[in-house]
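Below: the structure, in structure tokens.
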Amino acid sequence: MDVDTYNFEEAFALLVKSLSTSAFIALDLEMTGINNPAAGRSGTWDDAPNDLPEIRYRKKRKAASSYGIIQVGLCVFEPAAADPLAASASTHGVGSGAAFTARPFNFFVFPRPVNEPPDCYISPKLTLDSDAMHFCRCSGIDFGRWLTKGVPYLDRHGEELLRTSLVR
């Protein structure tokens, strides 16, 4: 289910209901970039084959913090017996014969500016990597929907600024 500002409340209610019976979930982000901007073209993935998990995590975290989020994909997997006739989901078997109903939710999110007088103005900056944007375009991402109907969000710093401003 594609989710934006127009169907957010309905989708969120369905997501919460699905989570209560889930066996597990999967999370995926589509971002405006994934590579370390400092690595340049020669370090496209910025991964060394012998990197320890901690090192690789730090590199990926640094790269991820440099870009924006386009879409948050969350897929809830419920035991198939919980809802065998689900119209909005698909059922998949796993090697052991167990079956799950998959309920995908794709939340378009966009960092809207905030202007809360007298002293809270936040205008998030977006960095775009052309390779990542090409991948998203080829994967069918609706950029118009992202820009005009994306669910607003703030990063941690923006949230702290807004909370401080609203408390005054």
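As shown in the structure tokens, the chain order sets the letters A, B, ...; within each chain, residues go from 1, and ligands are also counted from 1 in the order they appear.
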
Contacts of range 1-5 of chain A within 12 Å, only C-alpha atoms, excl. fewer than 3 positions in-chain, as a CSV table (one decimal) with all heavy atoms, in the first residue's frame:
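Generated file (selection.csv):
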```csv
chain,number,residue,atom,x,y,z
A,8,PHE,N,-2.7,8.6,5.0
A,8,PHE,CA,-1.8,8.3,6.1
A,8,PHE,C,-2.6,7.7,7.3
A,8,PHE,O,-2.3,6.7,7.9
A,8,PHE,CB,-1.0,9.5,6.6
A,8,PHE,CG,-0.2,9.2,7.8
A,8,PHE,CD1,1.1,8.6,7.6
A,8,PHE,CD2,-0.6,9.6,9.0
A,8,PHE,CE1,1.9,8.3,8.7
A,8,PHE,CE2,0.2,9.3,10.1
A,8,PHE,CZ,1.5,8.6,10.0
A,9,GLU,N,-3.7,8.4,7.7
A,9,GLU,CA,-4.4,7.9,8.9
A,9,GLU,C,-5.0,6.5,8.7
A,9,GLU,O,-4.9,5.7,9.6
A,9,GLU,CB,-5.5,8.9,9.3
A,9,GLU,CG,-4.9,10.2,9.9
A,9,GLU,CD,-6.0,11.2,10.4
A,9,GLU,OE1,-7.1,10.7,10.7
A,9,GLU,OE2,-5.7,12.4,10.4
A,10,GLU,N,-5.6,6.3,7.6
A,10,GLU,CA,-6.1,4.9,7.3
A,10,GLU,C,-5.0,3.9,7.3
A,10,GLU,O,-5.2,2.8,7.9
A,10,GLU,CB,-6.8,5.0,5.9
A,10,GLU,CG,-7.3,3.6,5.4
A,10,GLU,CD,-7.6,3.7,3.9
A,10,GLU,OE1,-7.7,4.8,3.3
A,10,GLU,OE2,-7.8,2.6,3.3
A,11,ALA,N,-3.9,4.2,6.6
A,11,ALA,CA,-2.8,3.2,6.5
A,11,ALA,C,-2.2,3.0,7.8
A,11,ALA,O,-1.8,1.9,8.2
A,11,ALA,CB,-1.8,3.8,5.5
A,12,PHE,N,-2.0,4.0,8.6
A,12,PHE,CA,-1.4,3.9,10.0
A,12,PHE,C,-2.2,3.0,10.9
A,12,PHE,O,-1.7,2.1,11.6
A,12,PHE,CB,-1.2,5.3,10.6
A,12,PHE,CG,-0.4,5.2,11.9
A,12,PHE,CD1,1.0,4.9,11.8
A,12,PHE,CD2,-1.0,5.4,13.1
A,12,PHE,CE1,1.7,4.8,13.0
A,12,PHE,CE2,-0.2,5.3,14.3
A,12,PHE,CZ,1.1,5.0,14.2
A,13,ALA,N,-3.6,3.2,10.8
A,13,ALA,CA,-4.5,2.3,11.6
A,13,ALA,C,-4.3,0.8,11.2
A,13,ALA,O,-4.3,-0.1,12.0
A,13,ALA,CB,-5.9,2.8,11.5
A,14,LEU,N,-4.2,0.6,9.9
A,14,LEU,CA,-4.0,-0.8,9.4
A,14,LEU,C,-2.7,-1.3,9.8
A,14,LEU,O,-2.6,-2.5,10.1
A,14,LEU,CB,-4.2,-0.8,7.8
A,14,LEU,CG,-4.1,-2.1,7.1
A,14,LEU,CD1,-5.1,-3.1,7.7
A,14,LEU,CD2,-4.3,-1.9,5.6
A,15,LEU,N,-1.7,-0.5,9.7
A,15,LEU,CA,-0.3,-0.9,10.1
A,15,LEU,C,-0.3,-1.3,11.6
A,15,LEU,O,0.2,-2.4,11.9
A,15,LEU,CB,0.7,0.2,9.9
A,15,LEU,CG,2.1,0.0,10.4
A,15,LEU,CD1,2.8,-1.2,9.7
A,15,LEU,CD2,3.0,1.2,10.2
A,70,ILE,N,13.3,9.2,0.8
A,70,ILE,CA,12.2,9.4,-0.1
A,70,ILE,C,11.0,8.5,0.3
A,70,ILE,O,9.9,8.9,0.3
A,70,ILE,CB,12.6,8.9,-1.5
A,70,ILE,CG1,13.7,9.8,-2.0
A,70,ILE,CG2,11.4,8.9,-2.5
A,70,ILE,CD1,14.4,9.3,-3.3
A,71,GLN,N,11.3,7.3,0.7
A,71,GLN,CA,10.2,6.3,1.0
A,71,GLN,C,10.7,5.4,2.2
A,71,GLN,O,11.9,5.0,2.2
A,71,GLN,CB,9.9,5.5,-0.2
A,71,GLN,CG,8.6,4.9,-0.2
A,71,GLN,CD,8.3,4.2,-1.6
A,71,GLN,OE1,9.0,3.2,-1.9
A,71,GLN,NE2,7.3,4.7,-2.3
A,72,VAL,N,9.8,5.2,3.1
A,72,VAL,CA,10.0,4.2,4.2
A,72,VAL,C,9.2,3.0,3.8
A,72,VAL,O,7.9,3.1,3.8
A,72,VAL,CB,9.7,4.8,5.6
A,72,VAL,CG1,9.9,3.7,6.6
A,72,VAL,CG2,10.5,6.0,5.9
A,73,GLY,N,9.8,1.9,3.6
A,73,GLY,CA,9.1,0.6,3.3
A,73,GLY,C,9.1,-0.2,4.5
A,73,GLY,O,10.1,-0.5,5.1
A,74,LEU,N,7.9,-0.6,4.9
A,74,LEU,CA,7.7,-1.5,6.1
A,74,LEU,C,6.8,-2.6,5.6
A,74,LEU,O,5.7,-2.4,5.2
A,74,LEU,CB,7.1,-0.7,7.2
A,74,LEU,CG,6.9,-1.4,8.6
A,74,LEU,CD1,8.3,-1.8,9.1
A,74,LEU,CD2,6.2,-0.5,9.5
A,75,CYS,N,7.2,-3.8,5.8
A,75,CYS,CA,6.4,-5.0,5.4
A,75,CYS,C,6.2,-5.8,6.6
A,75,CYS,O,7.1,-6.2,7.3
A,75,CYS,CB,7.1,-5.8,4.3
A,75,CYS,SG,6.0,-7.0,3.6
A,76,VAL,N,4.9,-6.0,6.9
A,76,VAL,CA,4.5,-6.8,8.1
A,76,VAL,C,4.2,-8.2,7.6
A,76,VAL,O,3.4,-8.4,6.7
A,76,VAL,CB,3.3,-6.2,8.8
A,76,VAL,CG1,2.9,-7.0,10.0
A,76,VAL,CG2,3.6,-4.7,9.2
A,87,ALA,N,-7.2,-9.5,1.0
A,87,ALA,CA,-7.2,-9.0,-0.4
A,87,ALA,C,-6.0,-8.1,-0.7
A,87,ALA,O,-5.5,-8.0,-1.8
A,87,ALA,CB,-8.5,-8.3,-0.7
A,88,SER,N,-5.5,-7.4,0.3
A,88,SER,CA,-4.5,-6.4,0.1
A,88,SER,C,-3.1,-6.9,0.4
A,88,SER,O,-2.2,-6.2,0.6
A,88,SER,CB,-4.7,-5.2,1.0
A,88,SER,OG,-4.7,-5.5,2.4
A,89,ALA,N,-3.0,-8.2,0.6
A,89,ALA,CA,-1.7,-8.8,1.0
A,89,ALA,C,-1.5,-10.1,0.1
A,89,ALA,O,-2.3,-10.5,-0.6
A,89,ALA,CB,-1.7,-9.2,2.4
A,90,SER,N,-0.3,-10.6,0.1
A,90,SER,CA,0.1,-11.8,-0.6
A,90,SER,C,0.6,-12.8,0.3
A,90,SER,O,1.3,-12.5,1.3
A,90,SER,CB,1.1,-11.4,-1.7
A,90,SER,OG,2.2,-10.9,-1.2
A,102,ALA,N,2.0,-11.2,3.6
A,102,ALA,CA,2.9,-10.0,3.6
A,102,ALA,C,2.0,-8.8,3.4
A,102,ALA,O,1.2,-8.8,2.4
A,102,ALA,CB,3.9,-10.2,2.5
A,103,ARG,N,2.2,-7.8,4.2
A,103,ARG,CA,1.4,-6.6,4.1
A,103,ARG,C,2.5,-5.4,3.9
A,103,ARG,O,3.0,-4.9,4.9
A,103,ARG,CB,0.6,-6.3,5.3
A,103,ARG,CG,-0.6,-7.2,5.5
A,103,ARG,CD,-1.5,-6.7,6.6
A,103,ARG,NE,-2.5,-7.7,6.9
A,103,ARG,CZ,-3.6,-7.8,6.1
A,103,ARG,NH1,-3.8,-7.1,5.1
A,103,ARG,NH2,-4.5,-8.7,6.4
A,104,PRO,N,2.7,-5.0,2.7
A,104,PRO,CA,3.7,-3.9,2.5
A,104,PRO,C,3.1,-2.5,2.6
A,104,PRO,O,2.0,-2.3,2.2
A,104,PRO,CB,4.2,-4.2,1.1
A,104,PRO,CG,3.0,-4.9,0.4
A,104,PRO,CD,2.3,-5.7,1.5
A,105,PHE,N,3.8,-1.7,3.3
A,105,PHE,CA,3.4,-0.2,3.4
A,105,PHE,C,4.6,0.6,2.9
A,105,PHE,O,5.7,0.4,3.4
A,105,PHE,CB,3.1,0.1,4.9
A,105,PHE,CG,2.0,-0.6,5.5
A,105,PHE,CD1,2.2,-1.9,6.1
A,105,PHE,CD2,0.7,-0.1,5.5
A,105,PHE,CE1,1.1,-2.6,6.6
A,105,PHE,CE2,-0.4,-0.7,6.0
A,105,PHE,CZ,-0.2,-2.0,6.6
A,106,ASN,N,4.4,1.4,1.9
A,106,ASN,CA,5.4,2.3,1.4
A,106,ASN,C,5.0,3.7,1.7
A,106,ASN,O,4.2,4.3,1.0
A,106,ASN,CB,5.6,2.1,-0.1
A,106,ASN,CG,6.0,0.7,-0.4
A,106,ASN,OD1,7.0,0.2,0.1
A,106,ASN,ND2,5.3,0.0,-1.3
A,107,PHE,N,5.7,4.3,2.7
A,107,PHE,CA,5.4,5.6,3.1
A,107,PHE,C,6.3,6.6,2.4
A,107,PHE,O,7.5,6.6,2.5
A,107,PHE,CB,5.6,5.8,4.6
A,107,PHE,CG,4.7,5.1,5.5
A,107,PHE,CD1,4.9,3.7,5.9
A,107,PHE,CD2,3.6,5.7,6.0
A,107,PHE,CE1,4.1,3.0,6.7
A,107,PHE,CE2,2.7,5.0,6.8
A,107,PHE,CZ,2.9,3.7,7.2
A,108,PHE,N,5.6,7.5,1.5
A,108,PHE,CA,6.4,8.6,0.9
A,108,PHE,C,6.5,9.6,2.0
A,108,PHE,O,5.6,10.0,2.7
A,108,PHE,CB,5.6,9.2,-0.2
A,108,PHE,CG,5.5,8.4,-1.5
A,108,PHE,CD1,4.6,7.5,-1.7
A,108,PHE,CD2,6.5,8.6,-2.4
A,108,PHE,CE1,4.5,6.7,-2.9
A,108,PHE,CE2,6.5,7.8,-3.6
A,108,PHE,CZ,5.5,6.9,-3.8
A,109,VAL,N,7.8,10.1,2.3
A,109,VAL,CA,8.0,11.1,3.3
A,109,VAL,C,8.8,12.2,2.7
A,109,VAL,O,9.7,12.0,1.8
A,109,VAL,CB,8.8,10.5,4.5
A,109,VAL,CG1,7.9,9.5,5.2
A,109,VAL,CG2,10.1,9.8,4.1
A,110,PHE,N,8.6,13.4,3.1
A,110,PHE,CA,9.3,14.6,2.6
A,110,PHE,C,9.5,15.6,3.7
A,110,PHE,O,8.6,15.9,4.5
A,110,PHE,CB,8.4,15.2,1.5
A,110,PHE,CG,9.2,16.3,0.7
A,110,PHE,CD1,10.1,15.9,-0.3
A,110,PHE,CD2,9.0,17.6,1.0
A,110,PHE,CE1,10.8,16.9,-1.0
A,110,PHE,CE2,9.8,18.6,0.3
A,110,PHE,CZ,10.7,18.2,-0.7
A,112,ARG,N,9.3,18.7,5.1
A,112,ARG,CA,8.6,20.0,4.9
A,112,ARG,C,9.3,21.1,5.7
A,112,ARG,O,9.8,20.8,6.8
A,112,ARG,CB,7.2,19.9,5.3
A,112,ARG,CG,6.4,18.9,4.6
A,112,ARG,CD,5.7,19.6,3.4
A,112,ARG,NE,4.8,18.6,2.7
A,112,ARG,CZ,5.2,18.1,1.5
A,112,ARG,NH1,6.3,18.4,1.0
A,112,ARG,NH2,4.4,17.2,1.0
A,141,ILE,N,9.6,5.0,-8.6
A,141,ILE,CA,9.3,5.9,-7.6
A,141,ILE,C,8.6,7.1,-8.2
A,141,ILE,O,9.0,7.7,-9.3
A,141,ILE,CB,10.5,6.4,-6.8
A,141,ILE,CG1,11.2,5.3,-6.0
A,141,ILE,CG2,10.2,7.6,-5.9
A,141,ILE,CD1,10.5,4.9,-4.8
A,142,ASP,N,7.5,7.6,-7.7
A,142,ASP,CA,6.7,8.7,-8.2
A,142,ASP,C,7.2,10.0,-7.5
A,142,ASP,O,6.8,10.3,-6.4
A,142,ASP,CB,5.2,8.5,-7.9
A,142,ASP,CG,4.3,9.6,-8.4
A,142,ASP,OD1,4.8,10.7,-8.7
A,142,ASP,OD2,3.1,9.3,-8.4
A,144,GLY,N,6.7,13.1,-8.2
A,144,GLY,CA,5.7,14.1,-8.0
A,144,GLY,C,4.9,13.8,-6.7
A,144,GLY,O,4.7,14.8,-5.9
A,145,ARG,N,4.6,12.6,-6.5
A,145,ARG,CA,3.9,12.2,-5.2
A,145,ARG,C,4.8,12.5,-4.0
A,145,ARG,O,4.3,13.0,-3.0
A,145,ARG,CB,3.5,10.8,-5.3
A,145,ARG,CG,2.5,10.3,-4.2
A,145,ARG,CD,2.0,8.9,-4.4
A,145,ARG,NE,1.0,8.6,-3.4
A,145,ARG,CZ,0.4,7.4,-3.4
A,145,ARG,NH1,0.7,6.5,-4.3
A,145,ARG,NH2,-0.5,7.1,-2.5
A,146,TRP,N,6.0,12.2,-4.1
A,146,TRP,CA,7.0,12.4,-3.0
A,146,TRP,C,7.0,13.9,-2.7
A,146,TRP,O,6.9,14.2,-1.5
A,146,TRP,CB,8.4,11.9,-3.4
A,146,TRP,CG,9.5,12.2,-2.5
A,146,TRP,CD1,9.6,11.9,-1.2
A,146,TRP,CD2,10.7,12.8,-2.9
A,146,TRP,NE1,10.8,12.4,-0.7
A,146,TRP,CE2,11.5,12.9,-1.7
A,146,TRP,CE3,11.2,13.3,-4.1
A,146,TRP,CZ2,12.8,13.5,-1.7
A,146,TRP,CZ3,12.5,13.9,-4.1
A,146,TRP,CH2,13.2,14.0,-2.9
A,147,LEU,N,7.2,14.7,-3.7
A,147,LEU,CA,7.3,16.2,-3.4
A,147,LEU,C,6.0,16.8,-2.9
A,147,LEU,O,6.1,17.7,-2.1
A,147,LEU,CB,7.8,16.9,-4.7
A,147,LEU,CG,9.2,16.5,-5.2
A,147,LEU,CD1,9.5,17.1,-6.6
A,147,LEU,CD2,10.2,17.1,-4.2
A,148,THR,N,4.9,16.4,-3.5
A,148,THR,CA,3.7,17.1,-3.1
A,148,THR,C,2.8,16.5,-2.1
A,148,THR,O,2.0,17.2,-1.4
A,148,THR,CB,2.8,17.3,-4.4
A,148,THR,OG1,2.4,15.9,-4.9
A,148,THR,CG2,3.5,18.0,-5.5
A,149,LYS,N,3.0,15.2,-1.9
A,149,LYS,CA,2.1,14.5,-0.9
A,149,LYS,C,2.9,13.7,0.1
A,149,LYS,O,2.2,12.9,0.9
A,149,LYS,CB,1.2,13.5,-1.7
A,149,LYS,CG,0.3,14.1,-2.7
A,149,LYS,CD,-0.6,13.1,-3.4
A,149,LYS,CE,-1.3,13.7,-4.6
A,149,LYS,NZ,-2.0,12.7,-5.4
A,150,GLY,N,4.2,13.8,0.2
A,150,GLY,CA,5.0,13.1,1.1
A,150,GLY,C,4.6,13.5,2.6
A,150,GLY,O,4.4,14.6,2.9
A,151,VAL,N,4.6,12.5,3.4
A,151,VAL,CA,4.3,12.7,4.8
A,151,VAL,C,5.4,13.5,5.4
A,151,VAL,O,6.6,13.1,5.3
A,151,VAL,CB,4.1,11.4,5.6
A,151,VAL,CG1,3.8,11.6,7.1
A,151,VAL,CG2,3.0,10.5,5.0
A,152,PRO,N,5.1,14.7,6.1
A,152,PRO,CA,6.2,15.5,6.6
A,152,PRO,C,6.9,14.8,7.7
A,152,PRO,O,6.3,14.1,8.5
A,152,PRO,CB,5.4,16.7,7.2
A,152,PRO,CG,4.0,16.7,6.6
A,152,PRO,CD,3.8,15.2,6.3
A,153,TYR,N,8.2,15.1,7.8
A,153,TYR,CA,9.0,14.7,8.9
A,153,TYR,C,10.1,15.7,9.2
A,153,TYR,O,10.5,16.5,8.4
A,153,TYR,CB,9.6,13.3,8.7
A,153,TYR,CG,10.8,13.2,7.7
A,153,TYR,CD1,12.1,13.3,8.2
A,153,TYR,CD2,10.6,13.2,6.3
A,153,TYR,CE1,13.2,13.2,7.3
A,153,TYR,CE2,11.7,13.1,5.5
A,153,TYR,CZ,13.0,13.1,6.0
A,153,TYR,OH,14.0,13.1,5.1
```

Residue contacts of Ser165 in chain A (7 Å, only C-alpha atoms) excluding same-chain residues fewer than 4 positions away, as JSON, numbers by chain: {"A": [119, 120, 161]}

Write out the residues from the selection above, keeping N, CA, C and O atoms, as a PDB file, in the first residue's frame.
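The resulting file, out_18.pdb, is shown below:
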```pdb
ATOM      1  N   ASP A 119      10.311  32.431  16.492  1.00  0.00           N
ATOM      2  CA  ASP A 119      11.735  32.152  16.295  1.00  0.00           C
ATOM      3  C   ASP A 119      12.062  30.744  15.820  1.00  0.00           C
ATOM      4  O   ASP A 119      13.159  30.264  16.028  1.00  0.00           O
ATOM      5  N   CYS A 120      11.155  30.078  15.171  1.00  0.00           N
ATOM      6  CA  CYS A 120      11.451  28.722  14.697  1.00  0.00           C
ATOM      7  C   CYS A 120      11.230  28.635  13.191  1.00  0.00           C
ATOM      8  O   CYS A 120      10.094  28.547  12.716  1.00  0.00           O
ATOM      9  N   LEU A 161      14.468  21.741  17.855  1.00  0.00           N
ATOM     10  CA  LEU A 161      14.202  23.175  17.663  1.00  0.00           C
ATOM     11  C   LEU A 161      12.717  23.499  17.767  1.00  0.00           C
ATOM     12  O   LEU A 161      12.310  24.455  18.421  1.00  0.00           O
TER      13      LEU A 161
END
```

Residues of chain A classed as helix (DSSP H, G or I) by DSSP on the backbone are to be reported as a ChimeraX atom specification. /A:8-19,37-39,41-43,53-64,80-82,130-138,143-149,156-167

Taking only C-alpha atoms into account, name the residue in A:Ser65, A:Ser20, A:Asn7, A:Thr164 that is nearest to Asn36 in chain A.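 Closest to Asn36 in chain A of all the choices is A:Ser65.
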
For Ile122 in chain A, list every protein, DNA or RNA residue within 12 Å, evaluated using only C-alpha atoms, and leave out those in the same chain fewer than 2 positions away; present the list as a JSON list (two decimals) with C-alpha atoms, in the first residue's frame.
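Now in part-v1.json:
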```json
[["chain", "number", "residue", "atom", "x", "y", "z"],
["A", 111, "PRO", "CA", 11.08, 17.06, 4.88],
["A", 112, "ARG", "CA", 8.65, 19.99, 4.89],
["A", 113, "PRO", "CA", 9.85, 23.41, 6.02],
["A", 114, "VAL", "CA", 8.60, 24.72, 9.37],
["A", 115, "ASN", "CA", 7.84, 28.38, 10.05],
["A", 116, "GLU", "CA", 6.55, 28.81, 13.61],
["A", 117, "PRO", "CA", 6.85, 32.44, 14.67],
["A", 119, "ASP", "CA", 11.73, 32.15, 16.30],
["A", 120, "CYS", "CA", 11.45, 28.72, 14.70],
["A", 124, "PRO", "CA", 15.79, 21.18, 5.55],
["A", 125, "LYS", "CA", 18.37, 20.85, 2.79],
["A", 153, "TYR", "CA", 9.02, 14.65, 8.94],
["A", 154, "LEU", "CA", 11.82, 16.37, 10.83],
["A", 155, "ASP", "CA", 15.25, 15.09, 11.70],
["A", 157, "HIS", "CA", 17.77, 18.46, 15.37],
["A", 158, "GLY", "CA", 14.70, 19.98, 13.68],
["A", 159, "GLU", "CA", 12.39, 18.26, 16.16],
["A", 160, "GLU", "CA", 14.39, 19.64, 19.10],
["A", 161, "LEU", "CA", 14.20, 23.17, 17.66],
["A", 162, "LEU", "CA", 10.44, 22.92, 17.13],
["A", 165, "SER", "CA", 10.00, 26.86, 20.23]]
```

Separation of CA of Ser139 in chain A and CA of Ser18 in chain A, in Å?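 About the pair CA of Ser139 in chain A and CA of Ser18 in chain A: they are 26.1 Å apart.
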
Fewer than 3 positions away in the same chain doesn't count, so skip those; otherwise give me all residues within 9 Å of Ala81 in chain A, counting only C-alpha atoms, as number ranges by chain. A: 78, 84, 99-101
